[in-house]
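Have a look at the structure below, then the notes.
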Amino acid sequence: MSRLDTLKEQIRKALPDLDLVIGWERGFDPFHATPFHIKEEADIDRLIFDATCVHNLASFLTGLAGKKVGVVVKGCDSRTVVQLIQEKLIDRESVVIFGLPCTGVLDKAKLKAAVDLTRVSALDVDGDTVRITSGDETVEKDLKDLQATKCDSCKYPNPLEFDHLAGKPVEPHGDEAVQYDRIKAFEDTPVEERFDFWVGEMDRCIRCYACRNACPLCVCRDHCIGDSRDPHWLSQETDIRNKWMFQLIHAMHLAGRCTECGECERACPMDIPVLMFKKKLSSIVKDLFNYESGVDPTAVPPLFTFQVDEETINERGW
Amino acid sequence: MPVMDGRELRIVGFLCNWCSYGGADTAGVARFDQPTDLRIVRLPCTGRMDPLFVIKALLSGADGVLVSGCHPRDCHYSEGNFYARRRLEVLKQFLPVTGIDPERFEYTWVSASEGQKWQEVVTKFTERIHTLGPAPVIADAAERLKAANLG
């Protein structure tokens, strides 16, 4: 039985006790999947799982409080669920987790650069090969070249927390050591260049807030301080300063919480590398507090606590 | 008060009410010489410090930001500065990737009796900011980039 069939069977069994199950269905073309709520048994047949299932479905969980919800997660998404449990934002008892070992998801931007997507009629992923058919022509590409950057350094391809697991666990295939290379190289450039870089990037931001809306840990919803008039953190102006400030608010509010699912950067229509901020914060938190978010449901996030004597913080003597 | 061009820079100080604000007061009462670049915002406790205060100040044209509170274990509210220490340290290490010079931000601890130390902290920090010069202006950078793209 294939991984998908196992998953469907598990959902079929669990569905009577649940209000809904969140999964993916095929989108408007072969390289898009779209999140999908399974409410009755007939819906289960529409469920899919392959490398186009990029969305972190844990984003929906906080909005469905009070309901008994099933959620389908990949390894990285399961970290988000764990983090939400850690912060008591969702109740473990009211969530049923369907875990899937994952071998990497596609990056739409990379796909677009590699092939002309306008005429694509079929796309399928077989192991490490991506087969793309447009018209009567089929090209084969290596998944490694087309997968999301986060998958290159993936450490948790298997769900960390689940009630049902479909398919066999896979070996971590990413190289963890390379994950901070981009940031290290960036930090080695002079500070003036880094300043100019972000001014240029933020200039392109259209303040659509897709990054915030896609973020599974941005749970304030209507109370986001980016929208508030009192306190007035941001004005309605579309200048670079306000846009930059917004991105830094988003990043700082995820310090020690972000599970690096990369939804912010994926959702960005302007391809601004906002994940860099969050990656950096995760590496700081790892260095300072030896903590990784979304790994242990019982751990206390590092900024929610303290130690009287911090061994890793240099008391700034003057 | 308008900034005196070239001679004075804008430095924002966030001081806790119980220690560092008192320390600054002690320094004033003792008539210690201090640079006048620092504008003080009084907080009830450094636990009130949202790291975003610092970022907002630096992006809005401040040339430097100094945060000062009670020494660890001396917090008026027992543990406010312990939380602040973690947040501010994370911020300090985070600034390089944001393109903001981390040297423009510093946090330290000064108690109410340490007037002398306060004078030292303010003088050193102000000197440091003067060495760095005025903070880069976003509008200038945008102009530069526009010119580079056209040229």
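Chain labels follow the order of the structure tokens: the first chain is A, the next B, and so on; residue numbering restarts at 1 in every chain, and ligands are counted from 1 in their shown order.
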- [ ] Compute the chain B side of the contact with chain A at 9 Å, counting only C-alpha atoms, and hand it back as a PyMOL selection string.
- [x] chain B and resi 51-52+55-56+59-60+72-73+79+82-83+85-87+89-91+93-94+96-101+106-109+117+120-121+124+136+138-139+141-142+144-146
Open item on the list: Neighbouring residues of Thr149 (chain A) were defined as those with any atom within 10 Å, considering only C-alpha atoms; residues of the same chain fewer than 5 positions away were excluded. Please report them as a PyMOL selection string.
Closed with: chain A and resi 104-107+110+144+154+179+262
For those residues, write N, CA, C and O atoms to a file as a PDB file, in the first residue's frame.
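Printed below is again_37.pdb as written:
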```pdb
ATOM      1  N   GLY A 104      11.448  16.092   0.631  1.00  0.00           N
ATOM      2  CA  GLY A 104      11.718  17.417   0.060  1.00  0.00           C
ATOM      3  C   GLY A 104      10.569  17.929  -0.767  1.00  0.00           C
ATOM      4  O   GLY A 104       9.874  17.149  -1.420  1.00  0.00           O
ATOM      5  N   VAL A 105      10.355  19.234  -0.730  1.00  0.00           N
ATOM      6  CA  VAL A 105       9.294  19.854  -1.530  1.00  0.00           C
ATOM      7  C   VAL A 105       9.898  20.782  -2.580  1.00  0.00           C
ATOM      8  O   VAL A 105      11.024  21.241  -2.435  1.00  0.00           O
ATOM      9  N   LEU A 106       9.113  21.030  -3.613  1.00  0.00           N
ATOM     10  CA  LEU A 106       9.599  21.862  -4.717  1.00  0.00           C
ATOM     11  C   LEU A 106       9.534  23.343  -4.378  1.00  0.00           C
ATOM     12  O   LEU A 106       8.670  23.782  -3.630  1.00  0.00           O
ATOM     13  N   ASP A 107      10.451  24.093  -4.957  1.00  0.00           N
ATOM     14  CA  ASP A 107      10.448  25.540  -4.825  1.00  0.00           C
ATOM     15  C   ASP A 107       9.917  26.093  -6.148  1.00  0.00           C
ATOM     16  O   ASP A 107      10.525  25.894  -7.196  1.00  0.00           O
ATOM     17  N   LYS A 110      12.345  28.220  -8.245  1.00  0.00           N
ATOM     18  CA  LYS A 110      13.393  27.450  -8.925  1.00  0.00           C
ATOM     19  C   LYS A 110      12.817  26.696 -10.120  1.00  0.00           C
ATOM     20  O   LYS A 110      13.447  26.571 -11.168  1.00  0.00           O
ATOM     21  N   LYS A 144      16.964  17.580  -6.304  1.00  0.00           N
ATOM     22  CA  LYS A 144      17.914  18.371  -5.499  1.00  0.00           C
ATOM     23  C   LYS A 144      18.049  19.807  -6.009  1.00  0.00           C
ATOM     24  O   LYS A 144      18.223  20.737  -5.238  1.00  0.00           O
ATOM     25  N   CYS A 154      17.776  20.065   5.621  1.00  0.00           N
ATOM     26  CA  CYS A 154      16.721  19.505   6.475  1.00  0.00           C
ATOM     27  C   CYS A 154      17.269  18.481   7.463  1.00  0.00           C
ATOM     28  O   CYS A 154      17.971  17.557   7.108  1.00  0.00           O
ATOM     29  N   GLN A 179      23.405  25.215   6.473  1.00  0.00           N
ATOM     30  CA  GLN A 179      22.210  26.046   6.596  1.00  0.00           C
ATOM     31  C   GLN A 179      22.489  27.511   6.912  1.00  0.00           C
ATOM     32  O   GLN A 179      21.687  28.371   6.561  1.00  0.00           O
ATOM     33  N   GLY A 262       9.790  28.353   6.666  1.00  0.00           N
ATOM     34  CA  GLY A 262      10.029  29.077   5.415  1.00  0.00           C
ATOM     35  C   GLY A 262       8.781  29.564   4.712  1.00  0.00           C
ATOM     36  O   GLY A 262       8.841  30.018   3.576  1.00  0.00           O
TER      37      GLY A 262
END
```
TODO: Could you please write out, as number ranges by chain, every residue of region 8-76 of chain A that DSSP assigns to alpha helix (DSSP H)?
DONE: A: 8-14, 75-76
Residues of the last selection are to be written out with all heavy atoms, as a PDB file, in the first residue's frame.
```
ATOM      1  N   LYS A   8      -4.810   7.854   3.630  1.00  0.00           N
ATOM      2  CA  LYS A   8      -6.260   7.950   3.388  1.00  0.00           C
ATOM      3  C   LYS A   8      -7.011   6.998   4.314  1.00  0.00           C
ATOM      4  O   LYS A   8      -8.052   7.350   4.865  1.00  0.00           O
ATOM      5  CB  LYS A   8      -6.571   7.611   1.933  1.00  0.00           C
ATOM      6  CG  LYS A   8      -6.262   8.741   0.976  1.00  0.00           C
ATOM      7  CD  LYS A   8      -6.613   8.360  -0.451  1.00  0.00           C
ATOM      8  CE  LYS A   8      -6.379   9.498  -1.410  1.00  0.00           C
ATOM      9  NZ  LYS A   8      -6.515   9.103  -2.813  1.00  0.00           N
ATOM     10  N   GLU A   9      -6.464   5.795   4.470  1.00  0.00           N
ATOM     11  CA  GLU A   9      -7.094   4.794   5.318  1.00  0.00           C
ATOM     12  C   GLU A   9      -7.138   5.283   6.771  1.00  0.00           C
ATOM     13  O   GLU A   9      -8.152   5.170   7.454  1.00  0.00           O
ATOM     14  CB  GLU A   9      -6.294   3.479   5.187  1.00  0.00           C
ATOM     15  CG  GLU A   9      -7.032   2.242   5.609  1.00  0.00           C
ATOM     16  CD  GLU A   9      -8.460   2.189   5.067  1.00  0.00           C
ATOM     17  OE1 GLU A   9      -8.631   2.376   3.847  1.00  0.00           O
ATOM     18  OE2 GLU A   9      -9.383   1.973   5.878  1.00  0.00           O
ATOM     19  N   GLN A  10      -6.007   5.879   7.217  1.00  0.00           N
ATOM     20  CA  GLN A  10      -5.935   6.389   8.594  1.00  0.00           C
ATOM     21  C   GLN A  10      -6.956   7.504   8.799  1.00  0.00           C
ATOM     22  O   GLN A  10      -7.638   7.555   9.830  1.00  0.00           O
ATOM     23  CB  GLN A  10      -4.524   6.935   8.875  1.00  0.00           C
ATOM     24  CG  GLN A  10      -3.480   5.837   9.037  1.00  0.00           C
ATOM     25  CD  GLN A  10      -2.062   6.384   8.983  1.00  0.00           C
ATOM     26  OE1 GLN A  10      -1.842   7.527   8.590  1.00  0.00           O
ATOM     27  NE2 GLN A  10      -1.097   5.569   9.361  1.00  0.00           N
ATOM     28  N   ILE A  11      -7.073   8.382   7.805  1.00  0.00           N
ATOM     29  CA  ILE A  11      -8.024   9.490   7.921  1.00  0.00           C
ATOM     30  C   ILE A  11      -9.453   8.958   7.913  1.00  0.00           C
ATOM     31  O   ILE A  11     -10.297   9.395   8.707  1.00  0.00           O
ATOM     32  CB  ILE A  11      -7.802  10.520   6.793  1.00  0.00           C
ATOM     33  CG1 ILE A  11      -6.437  11.192   6.967  1.00  0.00           C
ATOM     34  CG2 ILE A  11      -8.914  11.560   6.778  1.00  0.00           C
ATOM     35  CD1 ILE A  11      -6.078  12.205   5.917  1.00  0.00           C
ATOM     36  N   ARG A  12      -9.704   7.982   7.055  1.00  0.00           N
ATOM     37  CA  ARG A  12     -11.055   7.402   6.964  1.00  0.00           C
ATOM     38  C   ARG A  12     -11.488   6.859   8.323  1.00  0.00           C
ATOM     39  O   ARG A  12     -12.615   7.066   8.761  1.00  0.00           O
ATOM     40  CB  ARG A  12     -11.057   6.292   5.901  1.00  0.00           C
ATOM     41  CG  ARG A  12     -12.436   5.805   5.520  1.00  0.00           C
ATOM     42  CD  ARG A  12     -12.424   5.055   4.199  1.00  0.00           C
ATOM     43  NE  ARG A  12     -12.258   5.947   3.059  1.00  0.00           N
ATOM     44  CZ  ARG A  12     -11.375   5.770   2.089  1.00  0.00           C
ATOM     45  NH1 ARG A  12     -10.559   4.723   2.119  1.00  0.00           N
ATOM     46  NH2 ARG A  12     -11.285   6.619   1.094  1.00  0.00           N
ATOM     47  N   LYS A  13     -10.544   6.208   9.011  1.00  0.00           N
ATOM     48  CA  LYS A  13     -10.859   5.625  10.328  1.00  0.00           C
ATOM     49  C   LYS A  13     -11.091   6.701  11.371  1.00  0.00           C
ATOM     50  O   LYS A  13     -11.951   6.579  12.231  1.00  0.00           O
ATOM     51  CB  LYS A  13      -9.701   4.725  10.776  1.00  0.00           C
ATOM     52  CG  LYS A  13      -9.831   3.334  10.230  1.00  0.00           C
ATOM     53  CD  LYS A  13      -9.002   2.351  11.060  1.00  0.00           C
ATOM     54  CE  LYS A  13      -8.798   1.068  10.283  1.00  0.00           C
ATOM     55  NZ  LYS A  13      -7.380   0.793  10.029  1.00  0.00           N
ATOM     56  N   ALA A  14     -10.286   7.773  11.294  1.00  0.00           N
ATOM     57  CA  ALA A  14     -10.332   8.794  12.354  1.00  0.00           C
ATOM     58  C   ALA A  14     -11.418   9.834  12.123  1.00  0.00           C
ATOM     59  O   ALA A  14     -11.864  10.489  13.060  1.00  0.00           O
ATOM     60  CB  ALA A  14      -8.973   9.477  12.466  1.00  0.00           C
ATOM     61  N   GLY A  75       7.705  16.520   8.158  1.00  0.00           N
ATOM     62  CA  GLY A  75       8.624  16.622   9.296  1.00  0.00           C
ATOM     63  C   GLY A  75       8.745  18.043   9.810  1.00  0.00           C
ATOM     64  O   GLY A  75       8.583  18.314  11.007  1.00  0.00           O
ATOM     65  N   CYS A  76       9.004  18.981   8.883  1.00  0.00           N
ATOM     66  CA  CYS A  76       9.220  20.367   9.317  1.00  0.00           C
ATOM     67  C   CYS A  76       7.945  20.971   9.899  1.00  0.00           C
ATOM     68  O   CYS A  76       7.995  21.714  10.870  1.00  0.00           O
ATOM     69  CB  CYS A  76       9.740  21.215   8.161  1.00  0.00           C
ATOM     70  SG  CYS A  76       8.805  21.048   6.636  1.00  0.00           S
TER      71      CYS A  76
END
```
Excluding region 37-54 of chain A and its own-chain neighbours fewer than 2 positions away, which residues fall within 8 Å of it when counting only C-alpha atoms? Please give them as an mmCIF file with N, CA, C and O atoms, in the first residue's frame.
```cif
data_model
loop_
_atom_site.group_PDB
_atom_site.id
_atom_site.type_symbol
_atom_site.label_atom_id
_atom_site.label_comp_id
_atom_site.auth_asym_id
_atom_site.auth_seq_id
_atom_site.Cartn_x
_atom_site.Cartn_y
_atom_site.Cartn_z
ATOM 1 N N LEU A 4 0.303 7.311 0.413
ATOM 2 C CA LEU A 4 -0.947 8.086 0.338
ATOM 3 C C LEU A 4 -2.154 7.235 0.704
ATOM 4 O O LEU A 4 -3.051 7.691 1.418
ATOM 5 N N LYS A 8 -4.810 7.854 3.630
ATOM 6 C CA LYS A 8 -6.260 7.950 3.388
ATOM 7 C C LYS A 8 -7.011 6.998 4.314
ATOM 8 O O LYS A 8 -8.052 7.350 4.865
ATOM 9 N N ILE A 11 -7.073 8.382 7.805
ATOM 10 C CA ILE A 11 -8.024 9.490 7.921
ATOM 11 C C ILE A 11 -9.453 8.958 7.913
ATOM 12 O O ILE A 11 -10.297 9.395 8.707
ATOM 13 N N ARG A 12 -9.704 7.982 7.055
ATOM 14 C CA ARG A 12 -11.055 7.402 6.964
ATOM 15 C C ARG A 12 -11.488 6.859 8.323
ATOM 16 O O ARG A 12 -12.615 7.066 8.761
ATOM 17 N N LEU A 15 -11.842 10.006 10.880
ATOM 18 C CA LEU A 15 -12.746 11.111 10.525
ATOM 19 C C LEU A 15 -14.049 11.185 11.331
ATOM 20 O O LEU A 15 -14.466 12.284 11.704
ATOM 21 N N ASP A 19 -13.948 16.981 13.553
ATOM 22 C CA ASP A 19 -14.753 17.964 12.826
ATOM 23 C C ASP A 19 -14.239 18.101 11.398
ATOM 24 O O ASP A 19 -15.004 18.240 10.465
ATOM 25 N N LEU A 20 -12.940 18.109 11.254
ATOM 26 C CA LEU A 20 -12.362 18.165 9.920
ATOM 27 C C LEU A 20 -10.904 17.733 9.963
ATOM 28 O O LEU A 20 -10.291 17.692 11.024
ATOM 29 N N VAL A 21 -10.384 17.382 8.787
ATOM 30 C CA VAL A 21 -8.961 17.062 8.655
ATOM 31 C C VAL A 21 -8.386 17.989 7.587
ATOM 32 O O VAL A 21 -8.994 18.173 6.529
ATOM 33 N N ILE A 22 -7.235 18.595 7.891
ATOM 34 C CA ILE A 22 -6.628 19.508 6.919
ATOM 35 C C ILE A 22 -5.551 18.756 6.135
ATOM 36 O O ILE A 22 -4.643 18.160 6.730
ATOM 37 N N GLY A 23 -5.696 18.762 4.827
ATOM 38 C CA GLY A 23 -4.716 18.107 3.965
ATOM 39 C C GLY A 23 -4.480 18.945 2.724
ATOM 40 O O GLY A 23 -4.756 20.145 2.727
ATOM 41 N N TRP A 24 -3.964 18.331 1.660
ATOM 42 C CA TRP A 24 -3.759 19.051 0.409
ATOM 43 C C TRP A 24 -4.579 18.393 -0.704
ATOM 44 O O TRP A 24 -4.759 17.178 -0.709
ATOM 45 N N GLU A 25 -5.029 19.205 -1.658
ATOM 46 C CA GLU A 25 -5.594 18.651 -2.879
ATOM 47 C C GLU A 25 -4.869 19.298 -4.055
ATOM 48 O O GLU A 25 -4.120 20.262 -3.887
ATOM 49 N N ARG A 26 -5.095 18.761 -5.264
ATOM 50 C CA ARG A 26 -4.455 19.327 -6.444
ATOM 51 C C ARG A 26 -4.994 20.731 -6.704
ATOM 52 O O ARG A 26 -6.191 20.971 -6.585
ATOM 53 N N PHE A 31 1.517 21.788 -10.901
ATOM 54 C CA PHE A 31 2.581 22.049 -9.920
ATOM 55 C C PHE A 31 2.097 22.861 -8.730
ATOM 56 O O PHE A 31 2.876 23.388 -7.970
ATOM 57 N N HIS A 32 0.795 22.985 -8.575
ATOM 58 C CA HIS A 32 0.240 23.616 -7.386
ATOM 59 C C HIS A 32 -0.595 22.618 -6.582
ATOM 60 O O HIS A 32 -1.413 21.910 -7.154
ATOM 61 N N ALA A 33 -0.357 22.628 -5.279
ATOM 62 C CA ALA A 33 -1.272 21.940 -4.380
ATOM 63 C C ALA A 33 -1.963 23.046 -3.606
ATOM 64 O O ALA A 33 -1.479 24.173 -3.557
ATOM 65 N N THR A 34 -3.081 22.734 -3.021
ATOM 66 C CA THR A 34 -3.763 23.768 -2.246
ATOM 67 C C THR A 34 -4.324 23.151 -0.966
ATOM 68 O O THR A 34 -4.739 21.995 -0.978
ATOM 69 N N PRO A 35 -4.277 23.870 0.142
ATOM 70 C CA PRO A 35 -4.792 23.301 1.392
ATOM 71 C C PRO A 35 -6.278 23.016 1.261
ATOM 72 O O PRO A 35 -6.986 23.716 0.541
ATOM 73 N N ASN A 56 2.564 24.736 4.999
ATOM 74 C CA ASN A 56 2.597 24.266 6.372
ATOM 75 C C ASN A 56 1.175 24.357 6.914
ATOM 76 O O ASN A 56 0.679 25.427 7.230
ATOM 77 N N THR A 103 10.509 13.778 1.623
ATOM 78 C CA THR A 103 11.802 13.731 0.944
ATOM 79 C C THR A 103 12.122 15.045 0.241
ATOM 80 O O THR A 103 12.952 15.100 -0.638
ATOM 81 N N GLY A 104 11.448 16.092 0.631
ATOM 82 C CA GLY A 104 11.718 17.417 0.060
ATOM 83 C C GLY A 104 10.569 17.929 -0.767
ATOM 84 O O GLY A 104 9.874 17.149 -1.420
ATOM 85 N N VAL A 105 10.355 19.234 -0.730
ATOM 86 C CA VAL A 105 9.294 19.854 -1.530
ATOM 87 C C VAL A 105 9.898 20.782 -2.580
ATOM 88 O O VAL A 105 11.024 21.241 -2.435
ATOM 89 N N LEU A 106 9.113 21.030 -3.613
ATOM 90 C CA LEU A 106 9.599 21.862 -4.717
ATOM 91 C C LEU A 106 9.534 23.343 -4.378
ATOM 92 O O LEU A 106 8.670 23.782 -3.630
ATOM 93 N N VAL A 125 6.886 13.374 -9.399
ATOM 94 C CA VAL A 125 8.168 13.215 -8.724
ATOM 95 C C VAL A 125 8.340 11.755 -8.365
ATOM 96 O O VAL A 125 7.487 11.152 -7.733
#
```
